[in-house]
Structure formats: structure tokens, C-alpha cells
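Down below is the structure, laid out as C-alpha cells.
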Amino acid sequence: MSSLNVEQCDGVGHITLNRVGVLNALSREFCHEIDVALWALENTESVRAILISSALKHFCAGADIREMSEMTAEEAIAGNFIGCVSSLPEISKPVIVAVSGLAAGGGCELVEMCDIVIAAATAKFCHPEITLAAMPGAGGTQRLSRVVGKHIAMDLLLTGRALSADKALAAGLVSRVVPDEQLEDVALAVAKQVASFSGPVARRIKASVNDTQVNLASGLIAERDRFYCCFTEHDFREGVSAFIEKRNAHFVHR
């Protein structure tokens with residue numbers, strides 16, 4: 001079974017995540033597949049908007065922890081590893097995302113990279129990286145704080161707690177909340193509406209809004225460097241081992 005499905009209809013390129021058994025965990029191979037699909041749609045003239053959704057109950061559980069547990073700091077740096085896709089910030093076309101169930105860690109960062117976020121009523125958003133003695137590496141500290149503000153971002157990032165769809169809407173992380181059974185239909189309708197307008201104008205609007213994200217590029221570089229530091233620390237190794245072994249972590253703070 002394919003871990004990814006790509007369709008095109010009425011100007012919309014639709015990417016459906018379907019990595020069964022691991023809740024769409026973002027392994028390096030899976031991220032590469034998504035990046036390839038995104039660039040293909042970016043370069044398809046008939047596609048004017050992109051929709052990302054999940055075929056599973058949950059949107060995305062985040063980075064593939066088993067893969068991370070075997071990675072050294074040197075390997076992470078050499079491979080420019082961020083625990084998420086890398087192409088989304090470079091896509092000029094509007095990207096709509098439909099979020100069902102859990103969007104955690106790298107999955108939440110993927111959502112934060114998108115332009116319009118349609119959430120099912122039961123969706124939840126969280127950054128649990130700190131529970132593994134890790135931190136976001138794909139822009140979580142940067143984009144989240146720009147959307148919800150410093151204090152909510154600090155609360156989420158330093159405790160790992162989740163936001164419900166309604167609270168995420170109130171905080172500005174989500175564009176719309178819809179009943180679970182309507183998620184795909186509403187998200188596709190929104191994507192088709194965006195695609196029905198002038199593609200060049202939509203791309204210019206997106207670029208202009210993104211221009212308001214002052215110092216984002218430098219913040220992303222600094223975040224990534226700090227993320228790589230985690231791979232050199234005892235607590236990170238303990239955190240990912242505890243996650244895999246389904247036990248409580250015992251951090252020694254070094």
C-alpha cells in the first residue's frame with residue numbers, strides 16, 4: 001500500500017498522507033516523498049491550490065522517533081534533518097491542510113507551514129518534543145509563537161500539552177473548525193474556491209502575507225542549530241529510548 005496518494009481535480013492538487021501503522025510518522029523517506037509530490041504540484045500549471053489531508057484517523061504523529069533514536073548529531077547535521085518536510089515554505093501556491101485527530105510535533109510544524117488550516121472538531125494540536133528532551137527543529141518555536149503569541153507558545157512548548165480544535169481556533173492556529181464528517185468536503189471546497197481565482201494573484205497575496213514574518217529566516221537557522229544540540233545530550237537519548245520502550249523517562253539534565 002502506498003504511503004501517499006496524489007490526485008488533481010478542478011485546479012486542486014490533493015496529497016493524502018497514508019503511512020499506515022505509524023500514524024503518518026515523518027521518516028526521512030516519507031518526508032522526501034511528500035516533498036517530491038509538493039514540487040510536482042508546484043510545477044504543474046493547471047494546479048492553482050494544494051490540499052494536504054490524511055487517510056488515517058490522525059493527521060500526523062510527528063517525526064519518526066525510532067529513526068531519530070539511531071541518528072547521531074553529525075548525521076542530523078549532514079542530512080539537514082529537521083523531522084519534517086522541507087519544501088513547504090518554498091511552495092508559492094496556496095496550501096490548505098485538513099487536520100483530523102492528532103497533529104503532534106513535526107506534524108504540527110507541517111500544519112504551521114500551511115496557509116489555511118481546516119480542523120475537525122476532535123482534532124488536537126501539540127508540541128510534545130520536550131517530553132523527549134528534544135525541541136522543534138522545523139520552525140515550531142518560530143511559526144507557532146508568531147501565530148499564537150509568546151505566552152501560549154511557551155505554555156505549549158514547555159509543557160507539551162495539547163490544544164483542542166476550538167482552542168486552537170481561538171488562539172489563531174486554525175482557520176476553521178468543522179464537524180469531523182465534513183472535514184474532507186469542506187477542505188476540498190475551500191481549496192477549489194481558492195483555485196477558482198487568479199493563480200498569479202493568489203501567489204502574490206501569499207507572498208505578501210509571508211513578508212510580514214519578520215526575521216523568520218534567521219530564527220529558523222538558530223532553532224535548527226539548537227535542535228541539533230539535543231542529539232549530543234544524554235537526556236535526549238533517554239527520552240527517545242523511553243518513548244520506544246513505553247516507559248517514563250528519567251532525565252539527569254545533561
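As shown in the C-alpha cells, the chain order sets the letters A, B, ...; within each chain, residues go from 1, and ligands are also counted from 1 in the order they appear.
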
List every residue of segment 36-196 of chain A that DSSP, applied to the backbone, labels as strand (DSSP E), and write the result as a PDB file with C-alpha atoms, in the first residue's frame.
ATOM      1  CA  ALA A  49      -4.001  25.348  -4.926  1.00  0.00           C
ATOM      2  CA  ILE A  50      -2.735  22.372  -2.921  1.00  0.00           C
ATOM      3  CA  LEU A  51      -4.647  20.380  -0.298  1.00  0.00           C
ATOM      4  CA  ILE A  52      -2.968  18.099   2.256  1.00  0.00           C
ATOM      5  CA  SER A  53      -5.017  15.643   4.301  1.00  0.00           C
ATOM      6  CA  SER A  54      -4.738  12.243   5.963  1.00  0.00           C
ATOM      7  CA  VAL A  95      -1.638  25.280   0.643  1.00  0.00           C
ATOM      8  CA  ILE A  96      -4.729  24.184   2.550  1.00  0.00           C
ATOM      9  CA  VAL A  97      -4.473  21.476   5.191  1.00  0.00           C
ATOM     10  CA  ALA A  98      -7.262  19.313   6.624  1.00  0.00           C
ATOM     11  CA  VAL A  99      -6.427  18.122  10.145  1.00  0.00           C
ATOM     12  CA  LEU A 102      -3.727  14.435  16.327  1.00  0.00           C
ATOM     13  CA  ALA A 103      -1.178  16.796  14.801  1.00  0.00           C
ATOM     14  CA  ALA A 104       1.875  16.415  17.035  1.00  0.00           C
ATOM     15  CA  ILE A 116      -5.277  27.740   5.562  1.00  0.00           C
ATOM     16  CA  VAL A 117      -5.955  25.206   8.337  1.00  0.00           C
ATOM     17  CA  ILE A 118      -9.294  23.379   8.407  1.00  0.00           C
ATOM     18  CA  ALA A 119      -9.638  21.285  11.572  1.00  0.00           C
ATOM     19  CA  ALA A 120     -12.081  18.557  12.502  1.00  0.00           C
ATOM     20  CA  LYS A 124      -5.750  18.224  18.666  1.00  0.00           C
ATOM     21  CA  PHE A 125      -2.504  20.126  18.223  1.00  0.00           C
ATOM     22  CA  CYS A 126       0.601  19.724  20.364  1.00  0.00           C
ATOM     23  CA  ALA A 162      -2.402  19.787  23.534  1.00  0.00           C
ATOM     24  CA  LEU A 163      -4.843  22.369  22.242  1.00  0.00           C
ATOM     25  CA  SER A 164      -8.323  21.274  21.196  1.00  0.00           C
ATOM     26  CA  ARG A 176     -11.948  26.967  10.646  1.00  0.00           C
ATOM     27  CA  VAL A 177     -13.366  24.121  12.736  1.00  0.00           C
ATOM     28  CA  VAL A 178     -15.920  21.786  11.156  1.00  0.00           C
TER      29      VAL A 178
END

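Using only C-alpha atoms, the protein and nucleic acid residues lying no more than 10 Å from segment 191-197 of chain A, apart from those fewer than 2 places from it along its own chain, are Cys9, Asp10, Gly11, Val12, Gly13, His14, Ser46, Val47, Arg48, Ala49, Ile50, Leu51, Ile52, Lys93, Pro94, Val95, Ile96, Val97, Ile116, Asp185, Val186, Ala187, Leu188, Ala189, Gly199, Pro200, Val201 and Ala202 of chain A.
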
Give one line per residue of segment 168-243 of chain A that approaches segment 105-115 of chain A to at most 9 Å, naming the two atoms of the closest pair and their distance in Å to one decimal, counting only C-alpha atoms; sort by chain then ascending residue number and deliver it as a tab-separated table.
residue	atom	partner	partner_atom	distance
A:Leu173	CA	A:Glu112	CA	7.5
A:Ser175	CA	A:Asp115	CA	9.0
A:Lys206	CA	A:Asp115	CA	7.9

* Excluding Thr232 of chain A and residues on its chain fewer than 5 positions from it, collect all residues at most 9 Å away from it, counting only C-alpha atoms, and give them as a ChimeraX atom specification. => /A:72-73,237

- Find the residues around segment 220-223 of chain A up to 12 Å (only C-alpha atoms counted), leave out those fewer than 5 positions away in its own chain, and share them as number ranges by chain. A: 77, 80, 82, 86, 89, 134-144, 213-215, 228-230

I need the residues from that last selection saved to file as a PDB file, in the first residue's frame (with C-alpha atoms), if you can.
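Wrote it out as out09.pdb, contents follow:
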ATOM      1  CA  ILE A  77      23.574  17.986  10.599  1.00  0.00           C
ATOM      2  CA  ASN A  80      19.934  18.693   7.238  1.00  0.00           C
ATOM      3  CA  ILE A  82      14.512  18.686  10.776  1.00  0.00           C
ATOM      4  CA  SER A  86      11.435  20.902   3.865  1.00  0.00           C
ATOM      5  CA  PRO A  89       7.994  27.028   2.931  1.00  0.00           C
ATOM      6  CA  ALA A 134      14.036  17.453  22.383  1.00  0.00           C
ATOM      7  CA  MET A 135      12.692  20.608  20.757  1.00  0.00           C
ATOM      8  CA  PRO A 136      11.120  21.582  17.436  1.00  0.00           C
ATOM      9  CA  GLY A 137      13.539  21.672  14.519  1.00  0.00           C
ATOM     10  CA  ALA A 138      11.292  22.608  11.591  1.00  0.00           C
ATOM     11  CA  GLY A 139      10.080  26.008  12.739  1.00  0.00           C
ATOM     12  CA  GLY A 140       7.831  25.116  15.664  1.00  0.00           C
ATOM     13  CA  THR A 141       9.310  27.694  18.008  1.00  0.00           C
ATOM     14  CA  GLN A 142       9.214  30.328  15.273  1.00  0.00           C
ATOM     15  CA  ARG A 143       5.917  29.912  13.432  1.00  0.00           C
ATOM     16  CA  LEU A 144       3.864  28.891  16.480  1.00  0.00           C
ATOM     17  CA  GLN A 213       7.037  37.281   9.103  1.00  0.00           C
ATOM     18  CA  VAL A 214       9.967  39.443  10.142  1.00  0.00           C
ATOM     19  CA  ASN A 215      13.245  37.668  10.929  1.00  0.00           C
ATOM     20  CA  TYR A 228      20.933  19.596  16.691  1.00  0.00           C
ATOM     21  CA  CYS A 229      22.392  20.134  20.177  1.00  0.00           C
ATOM     22  CA  CYS A 230      19.744  17.746  21.520  1.00  0.00           C
TER      23      CYS A 230
END

Non-local contacts of Cys31 of chain A (12 Å; only C-alpha atoms; under 2 positions in same chain excluded) as a PyMOL selection string
chain A and resi 3-4+17+19+24-29+33-38+60+62-64+81-88+106-107+110

Next, write the just-selected residues to a file, as a PDB file, in the first residue's frame, keeping N, CA and C atoms as the atom set.
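File produced: out.pdb:
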ATOM      1  N   SER A   3       2.206   4.981   0.703  1.00  0.00           N
ATOM      2  CA  SER A   3       2.127   5.863   1.865  1.00  0.00           C
ATOM      3  C   SER A   3       1.656   7.260   1.480  1.00  0.00           C
ATOM      4  N   LEU A   4       1.376   7.446   0.202  1.00  0.00           N
ATOM      5  CA  LEU A   4       1.000   8.766  -0.297  1.00  0.00           C
ATOM      6  C   LEU A   4       0.098   8.602  -1.514  1.00  0.00           C
ATOM      7  N   LEU A  17      -1.929  11.793   2.983  1.00  0.00           N
ATOM      8  CA  LEU A  17      -0.935  11.037   3.744  1.00  0.00           C
ATOM      9  C   LEU A  17      -1.538   9.711   4.179  1.00  0.00           C
ATOM     10  N   ARG A  19       0.570   6.746   5.684  1.00  0.00           N
ATOM     11  CA  ARG A  19       1.617   5.844   6.197  1.00  0.00           C
ATOM     12  C   ARG A  19       1.025   5.049   7.354  1.00  0.00           C
ATOM     13  N   ASN A  24       1.303   8.166  10.230  1.00  0.00           N
ATOM     14  CA  ASN A  24       1.960   9.117   9.321  1.00  0.00           C
ATOM     15  C   ASN A  24       3.230   9.728   9.910  1.00  0.00           C
ATOM     16  N   ALA A  25       3.946   8.948  10.722  1.00  0.00           N
ATOM     17  CA  ALA A  25       5.202   9.438  11.281  1.00  0.00           C
ATOM     18  C   ALA A  25       6.141   9.869  10.157  1.00  0.00           C
ATOM     19  N   LEU A  26       6.815  10.991  10.370  1.00  0.00           N
ATOM     20  CA  LEU A  26       7.594  11.626   9.314  1.00  0.00           C
ATOM     21  C   LEU A  26       9.034  11.109   9.278  1.00  0.00           C
ATOM     22  N   SER A  27       9.205   9.942   8.700  1.00  0.00           N
ATOM     23  CA  SER A  27      10.561   9.440   8.453  1.00  0.00           C
ATOM     24  C   SER A  27      11.192  10.272   7.348  1.00  0.00           C
ATOM     25  N   ARG A  28      12.506  10.147   7.190  1.00  0.00           N
ATOM     26  CA  ARG A  28      13.179  10.900   6.129  1.00  0.00           C
ATOM     27  C   ARG A  28      12.659  10.497   4.753  1.00  0.00           C
ATOM     28  N   GLU A  29      12.407   9.209   4.556  1.00  0.00           N
ATOM     29  CA  GLU A  29      11.899   8.741   3.268  1.00  0.00           C
ATOM     30  C   GLU A  29      10.501   9.284   2.997  1.00  0.00           C
ATOM     31  N   GLU A  33       9.148  11.789   0.011  1.00  0.00           N
ATOM     32  CA  GLU A  33       8.003  11.513  -0.859  1.00  0.00           C
ATOM     33  C   GLU A  33       7.051  12.709  -0.903  1.00  0.00           C
ATOM     34  N   ILE A  34       6.774  13.274   0.261  1.00  0.00           N
ATOM     35  CA  ILE A  34       5.866  14.426   0.329  1.00  0.00           C
ATOM     36  C   ILE A  34       6.476  15.620  -0.397  1.00  0.00           C
ATOM     37  N   ASP A  35       7.776  15.853  -0.181  1.00  0.00           N
ATOM     38  CA  ASP A  35       8.449  16.970  -0.843  1.00  0.00           C
ATOM     39  C   ASP A  35       8.404  16.825  -2.365  1.00  0.00           C
ATOM     40  N   VAL A  36       8.652  15.614  -2.854  1.00  0.00           N
ATOM     41  CA  VAL A  36       8.612  15.370  -4.303  1.00  0.00           C
ATOM     42  C   VAL A  36       7.214  15.665  -4.844  1.00  0.00           C
ATOM     43  N   ALA A  37       6.188  15.206  -4.114  1.00  0.00           N
ATOM     44  CA  ALA A  37       4.810  15.437  -4.553  1.00  0.00           C
ATOM     45  C   ALA A  37       4.472  16.929  -4.552  1.00  0.00           C
ATOM     46  N   LEU A  38       4.929  17.633  -3.537  1.00  0.00           N
ATOM     47  CA  LEU A  38       4.669  19.079  -3.465  1.00  0.00           C
ATOM     48  C   LEU A  38       5.323  19.823  -4.614  1.00  0.00           C
ATOM     49  N   CYS A  60      -1.029  13.393  11.824  1.00  0.00           N
ATOM     50  CA  CYS A  60       0.398  13.050  11.831  1.00  0.00           C
ATOM     51  C   CYS A  60       0.929  13.055  13.251  1.00  0.00           C
ATOM     52  N   GLY A  62       4.049  13.113  14.069  1.00  0.00           N
ATOM     53  CA  GLY A  62       5.319  13.827  14.176  1.00  0.00           C
ATOM     54  C   GLY A  62       6.478  13.058  13.584  1.00  0.00           C
ATOM     55  N   ALA A  63       7.671  13.448  13.958  1.00  0.00           N
ATOM     56  CA  ALA A  63       8.876  12.804  13.438  1.00  0.00           C
ATOM     57  C   ALA A  63       8.905  11.324  13.833  1.00  0.00           C
ATOM     58  N   ASP A  64       9.594  10.532  13.035  1.00  0.00           N
ATOM     59  CA  ASP A  64       9.732   9.103  13.301  1.00  0.00           C
ATOM     60  C   ASP A  64      10.769   8.923  14.416  1.00  0.00           C
ATOM     61  N   PHE A  81      18.647  17.331   8.773  1.00  0.00           N
ATOM     62  CA  PHE A  81      17.441  16.713   9.342  1.00  0.00           C
ATOM     63  C   PHE A  81      16.670  17.704  10.197  1.00  0.00           C
ATOM     64  N   ILE A  82      15.346  17.799   9.971  1.00  0.00           N
ATOM     65  CA  ILE A  82      14.512  18.686  10.776  1.00  0.00           C
ATOM     66  C   ILE A  82      13.275  17.978  11.324  1.00  0.00           C
ATOM     67  N   GLY A  83      13.093  16.701  10.980  1.00  0.00           N
ATOM     68  CA  GLY A  83      11.936  15.968  11.478  1.00  0.00           C
ATOM     69  C   GLY A  83      10.635  16.340  10.808  1.00  0.00           C
ATOM     70  N   CYS A  84      10.724  16.904   9.624  1.00  0.00           N
ATOM     71  CA  CYS A  84       9.527  17.325   8.906  1.00  0.00           C
ATOM     72  C   CYS A  84       9.887  17.538   7.436  1.00  0.00           C
ATOM     73  N   VAL A  85       8.898  17.893   6.642  1.00  0.00           N
ATOM     74  CA  VAL A  85       9.148  18.210   5.236  1.00  0.00           C
ATOM     75  C   VAL A  85       9.929  19.516   5.135  1.00  0.00           C
ATOM     76  N   SER A  86      10.626  19.695   4.032  1.00  0.00           N
ATOM     77  CA  SER A  86      11.435  20.902   3.865  1.00  0.00           C
ATOM     78  C   SER A  86      10.937  21.822   2.753  1.00  0.00           C
ATOM     79  N   SER A  87      10.080  21.310   1.858  1.00  0.00           N
ATOM     80  CA  SER A  87       9.697  22.089   0.683  1.00  0.00           C
ATOM     81  C   SER A  87       8.554  23.064   0.926  1.00  0.00           C
ATOM     82  N   LEU A  88       7.713  22.812   1.909  1.00  0.00           N
ATOM     83  CA  LEU A  88       6.505  23.619   2.079  1.00  0.00           C
ATOM     84  C   LEU A  88       6.757  25.126   2.142  1.00  0.00           C
ATOM     85  N   GLY A 106       6.400  17.309  14.714  1.00  0.00           N
ATOM     86  CA  GLY A 106       6.634  17.626  13.316  1.00  0.00           C
ATOM     87  C   GLY A 106       5.349  17.711  12.515  1.00  0.00           C
ATOM     88  N   GLY A 107       4.320  16.972  12.931  1.00  0.00           N
ATOM     89  CA  GLY A 107       3.021  17.063  12.279  1.00  0.00           C
ATOM     90  C   GLY A 107       2.388  18.423  12.502  1.00  0.00           C
ATOM     91  N   LEU A 110       4.224  20.852  10.322  1.00  0.00           N
ATOM     92  CA  LEU A 110       3.732  20.775   8.950  1.00  0.00           C
ATOM     93  C   LEU A 110       2.485  21.645   8.798  1.00  0.00           C
TER      94      LEU A 110
END

Residues within 8 Å of segment 245-253 of chain A, please, as a ChimeraX atom specification. Count only C-alpha atoms; anything in the same chain fewer than 3 positions from it doesn't count. /A:132,234-235,238-239,241-242

Selection export as an mmCIF file, in the first residue's frame, atoms kept: C-alpha atoms:
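Written output follows (result.cif):
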data_model
loop_
_atom_site.group_PDB
_atom_site.id
_atom_site.type_symbol
_atom_site.label_atom_id
_atom_site.label_comp_id
_atom_site.auth_asym_id
_atom_site.auth_seq_id
_atom_site.Cartn_x
_atom_site.Cartn_y
_atom_site.Cartn_z
ATOM 1 C CA LEU A 132 11.670 13.507 24.896
ATOM 2 C CA HIS A 234 22.180 12.166 27.469
ATOM 3 C CA ASP A 235 18.608 13.252 28.218
ATOM 4 C CA GLU A 238 16.989 8.658 27.403
ATOM 5 C CA GLY A 239 13.854 10.424 26.181
ATOM 6 C CA SER A 241 14.533 5.309 24.391
ATOM 7 C CA ALA A 242 11.791 5.721 26.982
#

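Interatomic distance, atom CA of Glu67 of chain A against atom CA of Met154 of chain A: 27.0 Å.
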
Could you pull the residues within 8 Å of Ile130 of chain A, counting only C-alpha atoms, minus those fewer than 2 positions along the same chain, as an NGL selection string? :A and (127-128 or 132-135 or 157-160)

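Distance-wise, atom CA of Glu181 of chain A and atom CA of Ser100 of chain A end up 10.0 Å apart.
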
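The space separating atom CA of Val6 of chain A from atom CA of Asn18 of chain A comes to 10.8 Å.
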